[in-house]
Every structure is written in C-alpha cells, then in structure tokens.
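Dropping start15.pdb in here (PDB, C-alpha atoms):
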ATOM      1  CA  MET E  26       0.000   0.000   0.000
ATOM      2  CA  ASP E  27       2.814   2.396   0.845
ATOM      3  CA  GLY E  28       4.340   1.620  -2.517
ATOM      4  CA  ILE E  29       1.180   2.729  -4.292
ATOM      5  CA  ILE E  30       0.929   5.902  -2.237
ATOM      6  CA  ASN E  31       4.577   6.720  -2.817
ATOM      7  CA  SER E  32       4.225   6.121  -6.519
ATOM      8  CA  MET E  33       1.490   8.761  -6.635
ATOM      9  CA  GLN E  34       3.537  11.472  -4.975
ATOM     10  CA  GLY E  35       4.449  14.193  -7.388
ATOM     11  CA  VAL E  36       1.854  14.053 -10.149
ATOM     12  CA  PRO E  37       0.718  17.678 -10.406
ATOM     13  CA  LEU E  38      -2.990  18.327 -10.089
ATOM     14  CA  ASN E  39      -2.840  20.157 -13.412
ATOM     15  CA  HIS E  40      -2.030  16.908 -15.175
ATOM     16  CA  TYR E  41      -5.178  15.345 -13.775
ATOM     17  CA  ILE E  42      -7.211  18.288 -15.072
ATOM     18  CA  LEU E  43      -5.491  18.010 -18.442
ATOM     19  CA  PHE E  44      -6.099  14.272 -18.669
ATOM     20  CA  SER E  45      -9.770  14.573 -17.715
ATOM     21  CA  THR E  46     -10.230  17.385 -20.224
ATOM     22  CA  ILE E  47      -8.736  15.259 -22.988
ATOM     23  CA  ILE E  48     -11.033  12.340 -22.193
ATOM     24  CA  PHE E  49     -14.012  14.710 -21.950
ATOM     25  CA  SER E  50     -13.285  16.210 -25.357
ATOM     26  CA  ILE E  51     -12.880  12.729 -26.831
ATOM     27  CA  GLY E  52     -16.408  12.116 -25.561
ATOM     28  CA  VAL E  53     -17.596  15.373 -27.150
ATOM     29  CA  ILE E  54     -15.979  14.439 -30.466
ATOM     30  CA  GLY E  55     -17.615  11.024 -30.272
ATOM     31  CA  VAL E  56     -21.045  12.594 -29.817
ATOM     32  CA  LEU E  57     -20.417  14.918 -32.760
ATOM     33  CA  ILE E  58     -19.028  12.472 -35.320
ATOM     34  CA  ARG E  59     -21.033   9.281 -34.803
ATOM     35  CA  ARG E  60     -24.586   8.566 -35.902
ATOM     36  CA  ASN E  61     -25.126   5.314 -34.067
ATOM     37  CA  ALA E  62     -27.239   6.067 -30.982
ATOM     38  CA  ILE E  63     -25.482   3.458 -28.833
ATOM     39  CA  ILE E  64     -22.035   4.868 -29.592
ATOM     40  CA  ILE E  65     -23.299   8.312 -28.666
ATOM     41  CA  MET E  66     -24.405   6.956 -25.296
ATOM     42  CA  MET E  67     -20.998   5.359 -24.869
ATOM     43  CA  SER E  68     -19.372   8.735 -25.498
ATOM     44  CA  ILE E  69     -21.600  10.232 -22.812
ATOM     45  CA  GLU E  70     -20.360   7.531 -20.455
ATOM     46  CA  LEU E  71     -16.791   8.556 -21.286
ATOM     47  CA  MET E  72     -17.579  12.153 -20.359
ATOM     48  CA  LEU E  73     -19.212  11.099 -17.071
ATOM     49  CA  ASN E  74     -16.183   8.985 -16.241
ATOM     50  CA  SER E  75     -13.714  11.764 -16.864
ATOM     51  CA  VAL E  76     -15.650  14.038 -14.525
ATOM     52  CA  ASN E  77     -15.715  11.255 -11.943
ATOM     53  CA  LEU E  78     -11.963  10.864 -12.062
ATOM     54  CA  LEU E  79     -11.438  14.595 -11.696
ATOM     55  CA  LEU E  80     -13.767  14.736  -8.681
ATOM     56  CA  ALA E  81     -11.874  11.856  -7.076
ATOM     57  CA  ALA E  82      -8.545  13.565  -7.765
ATOM     58  CA  PHE E  83      -9.736  16.854  -6.246
ATOM     59  CA  SER E  84     -11.095  14.997  -3.236
ATOM     60  CA  ALA E  85      -7.766  13.235  -2.697
ATOM     61  CA  TYR E  86      -5.945  16.526  -3.215
ATOM     62  CA  SER E  87      -7.888  18.476  -0.629
ATOM     63  CA  GLY E  88      -8.396  15.606   1.779
ATOM     64  CA  ASP E  89     -12.168  15.872   1.729
ATOM     65  CA  PRO E  90     -14.210  12.675   1.328
ATOM     66  CA  ALA E  91     -17.284  14.529   0.002
ATOM     67  CA  GLY E  92     -15.918  14.435  -3.544
ATOM     68  CA  GLN E  93     -15.741  10.672  -3.555
ATOM     69  CA  VAL E  94     -19.302  10.470  -2.242
ATOM     70  CA  PHE E  95     -20.379  12.647  -5.191
ATOM     71  CA  VAL E  96     -18.620  10.227  -7.534
ATOM     72  CA  PHE E  97     -20.632   7.434  -5.965
ATOM     73  CA  PHE E  98     -23.879   9.331  -6.637
ATOM     74  CA  ILE E  99     -22.818  10.051 -10.221
ATOM     75  CA  MET E 100     -22.233   6.342 -10.747
ATOM     76  CA  ALA E 101     -25.730   5.515  -9.471
ATOM     77  CA  LEU E 102     -27.116   8.195 -11.789
ATOM     78  CA  ALA E 103     -25.128   6.842 -14.734
ATOM     79  CA  ALA E 104     -26.497   3.355 -14.164
ATOM     80  CA  ALA E 105     -30.071   4.693 -14.156
ATOM     81  CA  GLU E 106     -29.398   6.820 -17.225
ATOM     82  CA  VAL E 107     -27.982   3.885 -19.175
ATOM     83  CA  ALA E 108     -30.922   1.659 -18.301
ATOM     84  CA  VAL E 109     -33.514   4.198 -19.450
ATOM     85  CA  GLY E 110     -31.472   5.275 -22.473
ATOM     86  CA  LEU E 111     -30.980   1.769 -23.746
ATOM     87  CA  ALA E 112     -34.676   1.050 -23.255
ATOM     88  CA  ILE E 113     -35.428   4.116 -25.421
ATOM     89  CA  ILE E 114     -32.911   2.924 -28.023
ATOM     90  CA  VAL E 115     -34.508  -0.535 -28.175
ATOM     91  CA  MET E 116     -37.881   1.180 -28.590
ATOM     92  CA  VAL E 117     -36.521   3.359 -31.424
ATOM     93  CA  TYR E 118     -35.015   0.339 -33.130
ATOM     94  CA  ARG E 119     -38.296  -1.523 -32.888
ATOM     95  CA  ASN E 120     -40.153   1.343 -34.574
ATOM     96  CA  THR E 121     -37.639   2.470 -37.203
ATOM     97  CA  ARG E 122     -35.495  -0.666 -37.706
ATOM     98  CA  SER E 123     -32.320   1.396 -37.477
ATOM     99  CA  LEU E 124     -30.172   3.112 -34.887
ATOM    100  CA  ASP E 125     -29.350   6.096 -37.048
ATOM    101  CA  ILE E 126     -30.270   9.192 -35.065
ATOM    102  CA  ASN E 127     -30.794  11.126 -38.258
ATOM    103  CA  THR E 128     -34.097   9.265 -38.649
ATOM    104  CA  LEU E 129     -35.250  10.994 -35.463
ATOM    105  CA  ASN E 130     -35.255  14.497 -36.896
ATOM    106  CA  ARG E 131     -38.814  15.481 -36.214
ATOM    107  CA  LEU E 132     -37.834  17.761 -33.363
ATOM    108  CA  LYS E 133     -35.000  19.312 -35.386
ATOM    109  CA  TRP E 134     -35.414  22.994 -36.347
TER     110      TRP E 134
ATOM    111  CA  MET P  23       4.603   8.675 -10.873
ATOM    112  CA  MET P  24       5.368   7.045 -14.190
ATOM    113  CA  VAL P  25       2.464   4.660 -13.641
ATOM    114  CA  PHE P  26       0.012   7.524 -13.877
ATOM    115  CA  TYR P  27       1.344   8.719 -17.248
ATOM    116  CA  PHE P  28       1.428   5.226 -18.662
ATOM    117  CA  VAL P  29      -2.157   4.471 -17.592
ATOM    118  CA  ALA P  30      -3.303   7.908 -18.773
ATOM    119  CA  PHE P  31      -1.785   7.188 -22.176
ATOM    120  CA  LEU P  32      -3.607   3.852 -22.299
ATOM    121  CA  SER P  33      -6.916   5.518 -21.335
ATOM    122  CA  ILE P  34      -6.607   8.148 -24.040
ATOM    123  CA  PHE P  35      -5.588   5.583 -26.641
ATOM    124  CA  PHE P  36      -8.492   3.241 -25.929
ATOM    125  CA  ALA P  37     -10.966   6.131 -25.642
ATOM    126  CA  LEU P  38      -9.884   7.233 -29.120
ATOM    127  CA  MET P  39     -10.275   3.675 -30.377
ATOM    128  CA  THR P  40     -13.781   3.604 -28.865
ATOM    129  CA  ILE P  41     -15.060   6.472 -30.947
ATOM    130  CA  PHE P  42     -13.125   5.778 -34.146
ATOM    131  CA  THR P  43     -13.756   2.032 -34.539
ATOM    132  CA  LYS P  44     -16.421   1.221 -37.096
ATOM    133  CA  ASN P  45     -17.704  -1.998 -35.588
ATOM    134  CA  PRO P  46     -19.962  -1.213 -32.578
ATOM    135  CA  VAL P  47     -19.083  -4.447 -30.757
ATOM    136  CA  HIS P  48     -15.363  -3.643 -30.917
ATOM    137  CA  SER P  49     -16.244  -0.160 -29.739
ATOM    138  CA  VAL P  50     -17.906  -1.542 -26.605
ATOM    139  CA  LEU P  51     -14.927  -3.794 -25.924
ATOM    140  CA  TYR P  52     -12.535  -0.856 -26.172
ATOM    141  CA  LEU P  53     -14.806   1.057 -23.810
ATOM    142  CA  VAL P  54     -14.488  -1.816 -21.318
ATOM    143  CA  ILE P  55     -10.697  -1.473 -21.446
ATOM    144  CA  THR P  56     -11.002   2.294 -20.987
ATOM    145  CA  PHE P  57     -13.130   1.813 -17.887
ATOM    146  CA  PHE P  58     -10.612  -0.696 -16.598
ATOM    147  CA  THR P  59      -7.848   1.879 -16.889
ATOM    148  CA  PHE P  60     -10.066   4.298 -14.959
ATOM    149  CA  THR P  61     -10.275   1.681 -12.206
ATOM    150  CA  VAL P  62      -6.474   1.646 -12.143
ATOM    151  CA  HIS P  63      -6.541   5.423 -11.767
ATOM    152  CA  TYR P  64      -8.807   5.125  -8.733
ATOM    153  CA  VAL P  65      -6.469   2.559  -7.210
ATOM    154  CA  LEU P  66      -3.573   4.957  -7.769
ATOM    155  CA  LEU P  67      -5.531   7.682  -5.951
ATOM    156  CA  ASN P  68      -6.013   5.193  -3.114
ATOM    157  CA  ALA P  69      -9.789   5.485  -3.564
ATOM    158  CA  GLN P  70     -10.382   1.787  -3.042
ATOM    159  CA  PHE P  71     -14.129   1.986  -2.575
ATOM    160  CA  LEU P  72     -14.523   3.883  -5.838
ATOM    161  CA  ALA P  73     -12.237   1.435  -7.612
ATOM    162  CA  VAL P  74     -14.383  -1.509  -6.553
ATOM    163  CA  VAL P  75     -17.651   0.280  -7.312
ATOM    164  CA  ASN P  76     -16.337   1.425 -10.705
ATOM    165  CA  PHE P  77     -15.300  -2.117 -11.486
ATOM    166  CA  ILE P  78     -18.657  -3.611 -10.500
ATOM    167  CA  VAL P  79     -20.987  -0.938 -11.877
ATOM    168  CA  TYR P  80     -19.218   0.037 -15.108
ATOM    169  CA  LEU P  81     -17.447  -3.143 -16.132
ATOM    170  CA  GLY P  82     -20.145  -5.378 -14.728
ATOM    171  CA  ALA P  83     -23.551  -3.786 -15.106
ATOM    172  CA  ILE P  84     -23.283  -1.033 -17.721
ATOM    173  CA  MET P  85     -21.063  -2.937 -20.129
ATOM    174  CA  VAL P  86     -23.278  -6.010 -19.956
ATOM    175  CA  LEU P  87     -26.250  -3.773 -20.763
ATOM    176  CA  PHE P  88     -24.461  -2.229 -23.763
ATOM    177  CA  LEU P  89     -23.248  -5.562 -25.115
ATOM    178  CA  PHE P  90     -26.617  -7.182 -24.547
ATOM    179  CA  VAL P  91     -28.473  -4.470 -26.449
ATOM    180  CA  LEU P  92     -25.899  -4.478 -29.262
ATOM    181  CA  MET P  93     -26.211  -8.213 -29.718
ATOM    182  CA  LEU P  94     -29.988  -8.062 -29.397
ATOM    183  CA  LEU P  95     -30.164  -5.543 -32.226
ATOM    184  CA  ASN P  96     -27.688  -7.547 -34.336
ATOM    185  CA  LEU P  97     -25.553  -4.640 -35.482
ATOM    186  CA  ASN P  98     -22.403  -5.020 -37.509
ATOM    187  CA  GLU P  99     -20.089  -3.009 -39.673
ATOM    188  CA  GLU P 100     -22.290  -3.053 -42.774
ATOM    189  CA  THR P 101     -25.361  -1.581 -41.114
ATOM    190  CA  GLU P 102     -23.346   1.024 -39.226
ATOM    191  CA  PRO P 103     -24.495   4.515 -40.245
ATOM    192  CA  MET P 104     -21.550   6.827 -40.788
ATOM    193  CA  LYS P 105     -21.478  10.576 -41.181
ATOM    194  CA  SER P 106     -19.857  12.225 -44.145
ATOM    195  CA  ASN P 107     -16.193  13.149 -43.941
ATOM    196  CA  LEU P 108     -16.970  16.858 -43.811
ATOM    197  CA  VAL P 109     -19.148  16.463 -40.721
ATOM    198  CA  LYS P 110     -16.507  14.257 -39.125
ATOM    199  CA  ILE P 111     -13.780  16.828 -39.672
ATOM    200  CA  MET P 112     -16.002  19.604 -38.398
ATOM    201  CA  GLY P 113     -16.896  17.584 -35.305
ATOM    202  CA  THR P 114     -13.252  16.841 -34.594
ATOM    203  CA  VAL P 115     -12.295  20.485 -35.028
ATOM    204  CA  ALA P 116     -15.109  21.544 -32.700
ATOM    205  CA  GLY P 117     -13.963  19.067 -30.055
ATOM    206  CA  LEU P 118     -10.360  20.228 -30.369
ATOM    207  CA  CYS P 119     -11.505  23.844 -30.031
ATOM    208  CA  PHE P 120     -13.204  22.883 -26.787
ATOM    209  CA  LEU P 121     -10.011  21.191 -25.628
ATOM    210  CA  ALA P 122      -7.936  24.240 -26.566
ATOM    211  CA  THR P 123     -10.294  26.533 -24.666
ATOM    212  CA  ILE P 124     -10.052  24.524 -21.472
ATOM    213  CA  ILE P 125      -6.279  24.137 -21.735
ATOM    214  CA  GLY P 126      -5.940  27.855 -22.394
ATOM    215  CA  SER P 127      -7.938  28.664 -19.290
ATOM    216  CA  LEU P 128      -5.842  26.135 -17.394
ATOM    217  CA  ASN P 129      -2.712  28.083 -18.243
ATOM    218  CA  LEU P 130      -4.080  31.026 -16.280
ATOM    219  CA  LEU P 131      -3.797  28.981 -13.121
ATOM    220  CA  GLU P 132      -0.425  29.026 -11.470
ATOM    221  CA  THR P 133       1.376  25.697 -11.509
ATOM    222  CA  SER P 134      -0.421  23.456  -9.124
ATOM    223  CA  ASN P 135       1.235  21.666  -6.282
ATOM    224  CA  PRO P 136       1.919  17.981  -6.718
ATOM    225  CA  LEU P 137      -0.922  15.779  -5.603
ATOM    226  CA  ILE P 138       0.096  14.417  -2.219
ATOM    227  CA  LEU P 139      -2.370  12.321  -0.315
ATOM    228  CA  LYS P 140      -2.703  14.257   2.917
ATOM    229  CA  ASN P 141      -5.036  11.728   4.390
ATOM    230  CA  PRO P 142      -4.428   8.362   2.691
ATOM    231  CA  ASP P 143      -7.358   6.646   4.434
ATOM    232  CA  ILE P 144      -9.910   8.919   2.823
ATOM    233  CA  GLY P 145     -11.053   6.503   0.143
ATOM    234  CA  LEU P 146     -11.431   3.446   2.324
ATOM    235  CA  VAL P 147     -14.860   1.905   2.776
ATOM    236  CA  GLN P 148     -14.973   2.677   6.484
ATOM    237  CA  ASN P 149     -14.293   6.367   6.008
ATOM    238  CA  LEU P 150     -16.602   6.849   3.046
ATOM    239  CA  GLY P 151     -19.383   4.889   4.712
ATOM    240  CA  ARG P 152     -19.168   7.149   7.725
ATOM    241  CA  VAL P 153     -19.574  10.243   5.534
ATOM    242  CA  LEU P 154     -22.202   8.669   3.297
ATOM    243  CA  PHE P 155     -24.515   7.594   6.106
ATOM    244  CA  ASP P 156     -24.032  10.725   8.146
ATOM    245  CA  GLU P 157     -23.844  13.882   6.041
ATOM    246  CA  PHE P 158     -25.229  12.445   2.849
ATOM    247  CA  LEU P 159     -27.957  10.205   4.203
ATOM    248  CA  LEU P 160     -30.821  12.079   2.527
ATOM    249  CA  PRO P 161     -29.287  12.107  -0.988
ATOM    250  CA  PHE P 162     -28.427   8.447  -0.532
ATOM    251  CA  GLU P 163     -32.051   7.591   0.222
ATOM    252  CA  ILE P 164     -33.284   9.777  -2.630
ATOM    253  CA  SER P 165     -30.962   7.990  -5.058
ATOM    254  CA  SER P 166     -32.824   4.784  -4.230
ATOM    255  CA  ILE P 167     -35.999   6.474  -5.473
ATOM    256  CA  LEU P 168     -34.107   7.489  -8.616
ATOM    257  CA  LEU P 169     -33.072   3.894  -9.244
ATOM    258  CA  LEU P 170     -36.633   2.684  -8.664
ATOM    259  CA  THR P 171     -37.956   5.272 -11.121
ATOM    260  CA  ALA P 172     -35.336   4.257 -13.675
ATOM    261  CA  MET P 173     -36.307   0.622 -13.284
ATOM    262  CA  VAL P 174     -40.002   1.372 -13.753
ATOM    263  CA  GLY P 175     -39.243   3.560 -16.752
ATOM    264  CA  ALA P 176     -36.998   0.982 -18.391
ATOM    265  CA  VAL P 177     -39.565  -1.772 -17.988
ATOM    266  CA  LEU P 178     -42.338   0.489 -19.259
ATOM    267  CA  LEU P 179     -40.332   1.561 -22.313
ATOM    268  CA  GLY P 180     -38.959  -1.870 -23.074
ATOM    269  CA  LYS P 181     -42.326  -3.600 -22.902
ATOM    270  CA  SER P 182     -43.881  -3.984 -26.321
ATOM    271  CA  ASP P 183     -47.202  -2.360 -27.014
ATOM    272  CA  PRO P 184     -49.952  -4.790 -25.870
ATOM    273  CA  LYS P 185     -52.330  -3.640 -28.601
ATOM    274  CA  LYS P 186     -49.974  -4.818 -31.326
ATOM    275  CA  ILE P 187     -49.809  -8.417 -30.192
TER     276      ILE P 187
END
Take the structure in the file and write it out as structure tokens.
Amino acid sequence: MDGIINSMQGVPLNHYILFSTIIFSIGVIGVLIRRNAIIIMMSIELMLNSVNLLLAAFSAYSGDPAGQVFVFFIMALAAAEVAVGLAIIVMVYRNTRSLDINTLNRLKW
Amino acid sequence: MMVFYFVAFLSIFFALMTIFTKNPVHSVLYLVITFFTFTVHYVLLNAQFLAVVNFIVYLGAIMVLFLFVLMLLNLNEETEPMKSNLVKIMGTVAGLCFLATIIGSLNLLETSNPLILKNPDIGLVQNLGRVLFDEFLLPFEISSILLLTAMVGAVLLGKSDPKKI
C-alpha cells in the first residue's frame, strides 16, 4: 500500500485536469461524429467517467471525502441513465429498424 | 509517478479507439478497457471503494447492458451509419476547439502543487461509509428512489405495445 501511495507522490494536479479534459473532449468528439445512438451513449459515459476521475482527484488533493461520495452518486445516476437510455434505443429500433439518429429528426429545427 | 502517465496514455488511446472504430461491438470492448484503466486510476488515488464500485458498476452492469443491447439488435459493420467526412472533420475540429479553450484557461492557473495524499485513508470503505450515512444520508435515500424510477421507466419503455400483439 505504501508503494502505491509513494508512486502517486508528485503528479501535479494540473495533469489530472489536463487528462480529464482530454477524455471529456474525446467524448464530445464522439457525440459529434457518430450517428449510431449506442455509440453516442458510450461517449456520454466517457464524459461522465472523466468528470468522476477529476472529482476523485480533487477529493484526494484536498483531503475531503465529500468528492468521492459525489462520484458514488454520479455512478448511481449513470447506471439509471444507461438503463432508461438503452430502453429508449430498443424502442426506437423496434419502430424504425435502425439506430441512425438522423431518422429521429422530427424535433429538429 | 510514471504509472500515472502510462495508464493515462492507455486511457486516451483506448478512448480514441472507442469512438473511431467502425464496428460497434469492438467499440464496446474498447470502452471496457477504458473503464478498466479508470479503475487503475482510482487505485492509484487510493480510492479503493470507488475502484471496486467502478469495477462492478461500469465493467459489470453497464457494459453487460451495452453488449446485450448491441447483440440483441444484431448490429455489424455493414449496417453502421456513418457521417460524411466533412461532418466528421467539423466535429473533430469543434472538439479540439473545446479542448484548446479549457487548456488555455488552465494556463491562467499558477502551476499546481503535486498531488500528495494528505489523508491516505480517505477513500477506504470505512471512512466513506461514515460520511455517506451521516452527512449524505438524505441524498443516498433519494438515489434509491431514482433507481426505482429508472427501473419502472426501463420496464415500461422496453415492454412492447400490448395492442400490437
């Protein structure tokens, strides 16, 4: 355990912010460039995860356990979101026989 | 210290693979690896409770849901809808602009201190449980209602229309 803790000494907090930002923007790019509804949901999961990691890093940095509790709540929320979202996707597939979100353009404009 | 950079590199690599792979099933598998690297990050932060919960919830529950739905819908590379190259380039540029904005604002901060675990026991189950069931008892109970609502909603949406049968 001490080995793990010692190996973490010295990573600047900025690098955590940078890393989480990169993962978050990968999620944003994924939402923008894909048309498959499931892949879009997976990109949203990526974004949620990057925010989770940043919250955990801040919590470890400032020595406050509240951040890790928030991560726990975000995980519960993500599980609920995925369940409902995938149910909606299955429903869409049943009605349109495709997962292309461009078929769902009735609310566009 | 090197472990963090190595694992961060792996996370970024597999996250990129997730969104750029054509086959949706491969995409989900790359996402599993990405989540696994996030678990390693939590272990490195000594947040053991979060590491275990991340492992169980993301790699266990959410990934099984994704894979199950993908295989139920029988998707493969041929049926995969792809956007035109122009939209792809524009999306990538927009995402990189976002990244540049955040990094630019990050430069305004003075160099941060290295992350040193002041209180290494903070992420243990005992400590987190004490906070969770003391300060955060009400949100914890409300999240159970959220999960119940999600369950009801998922069943309601997933059930086929009884009039059609």
**Study point:** Separation of CA of Ser75 in chain E from CA of Leu160 in chain P, in Å and rounded to one decimal
**Key:** 25.9 Å
Per residue of chain E within 6 Å of chain P, what are the shortest atom pair and its distance in Å to one decimal, counting all atoms listed in the file, with rows by chain and residue number, as a Markdown table?
| residue | atom | partner | partner_atom | distance |
| --- | --- | --- | --- | --- |
| E:Ser32 | CA | P:Met23 | CA | 5.1 |
| E:Met33 | CA | P:Met23 | CA | 5.3 |
| E:Gln34 | CA | P:Ile138 | CA | 5.3 |
| E:Gly35 | CA | P:Pro136 | CA | 4.6 |
| E:Val36 | CA | P:Pro136 | CA | 5.2 |
| E:Pro37 | CA | P:Pro136 | CA | 3.9 |
| E:Leu38 | CA | P:Leu137 | CA | 5.6 |
| E:Asn39 | CA | P:Ser134 | CA | 5.9 |
| E:Ser50 | CA | P:Gly117 | CA | 5.5 |
| E:Val53 | CA | P:Gly117 | CA | 5.9 |
| E:Ile54 | CA | P:Gly117 | CA | 5.1 |
| E:Gly55 | CA | P:Ile41 | CA | 5.3 |
| E:Leu57 | CA | P:Gly113 | CA | 5.1 |
| E:Ile58 | CA | P:Lys110 | CA | 4.9 |
| E:Arg60 | CA | P:Pro103 | CA | 5.9 |
| E:Ala85 | CA | P:Leu139 | CA | 6.0 |
| E:Tyr86 | CA | P:Leu137 | CA | 5.6 |
| E:Gly88 | CA | P:Asn141 | CA | 5.8 |
| E:Pro90 | CA | P:Ile144 | CA | 5.9 |
| E:Ala105 | CA | P:Ala172 | CA | 5.3 |
| E:Val109 | CA | P:Ala176 | CA | 4.9 |
| E:Ala112 | CA | P:Gly180 | CA | 5.2 |
Check your understanding: Of the candidates E:Tyr118, E:Ile42, E:Phe49, E:Glu106, which shows the shortest atom-to-atom distance to Ala81 in chain E, using all atoms listed in the file?
Key ->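 Looking only at the distances to Ala81 in chain E, the closest residue turns out to be E:Ile42.
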**Study point:** Å distance separating CA of Arg131 in chain E from CA of Ile63 in chain E, one decimal place
**Key:**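 According to the coordinates, CA of Arg131 in chain E and CA of Ile63 in chain E are separated by 19.4 Å.
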**Study point:** Among the residues P:Asn96, P:Asn45, P:Thr59, P:Gln70, the one that comes closest to Leu32 in chain P [using all atoms listed in the file]
**Key:**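 Ranking P:Asn96, P:Asn45, P:Thr59, P:Gln70 by distance to Leu32 in chain P, first place goes to P:Thr59.
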Revision key, fill the gap. CA of Phe28 in chain P sits from CA of Ile48 in chain E at a separation of 14.8 Å
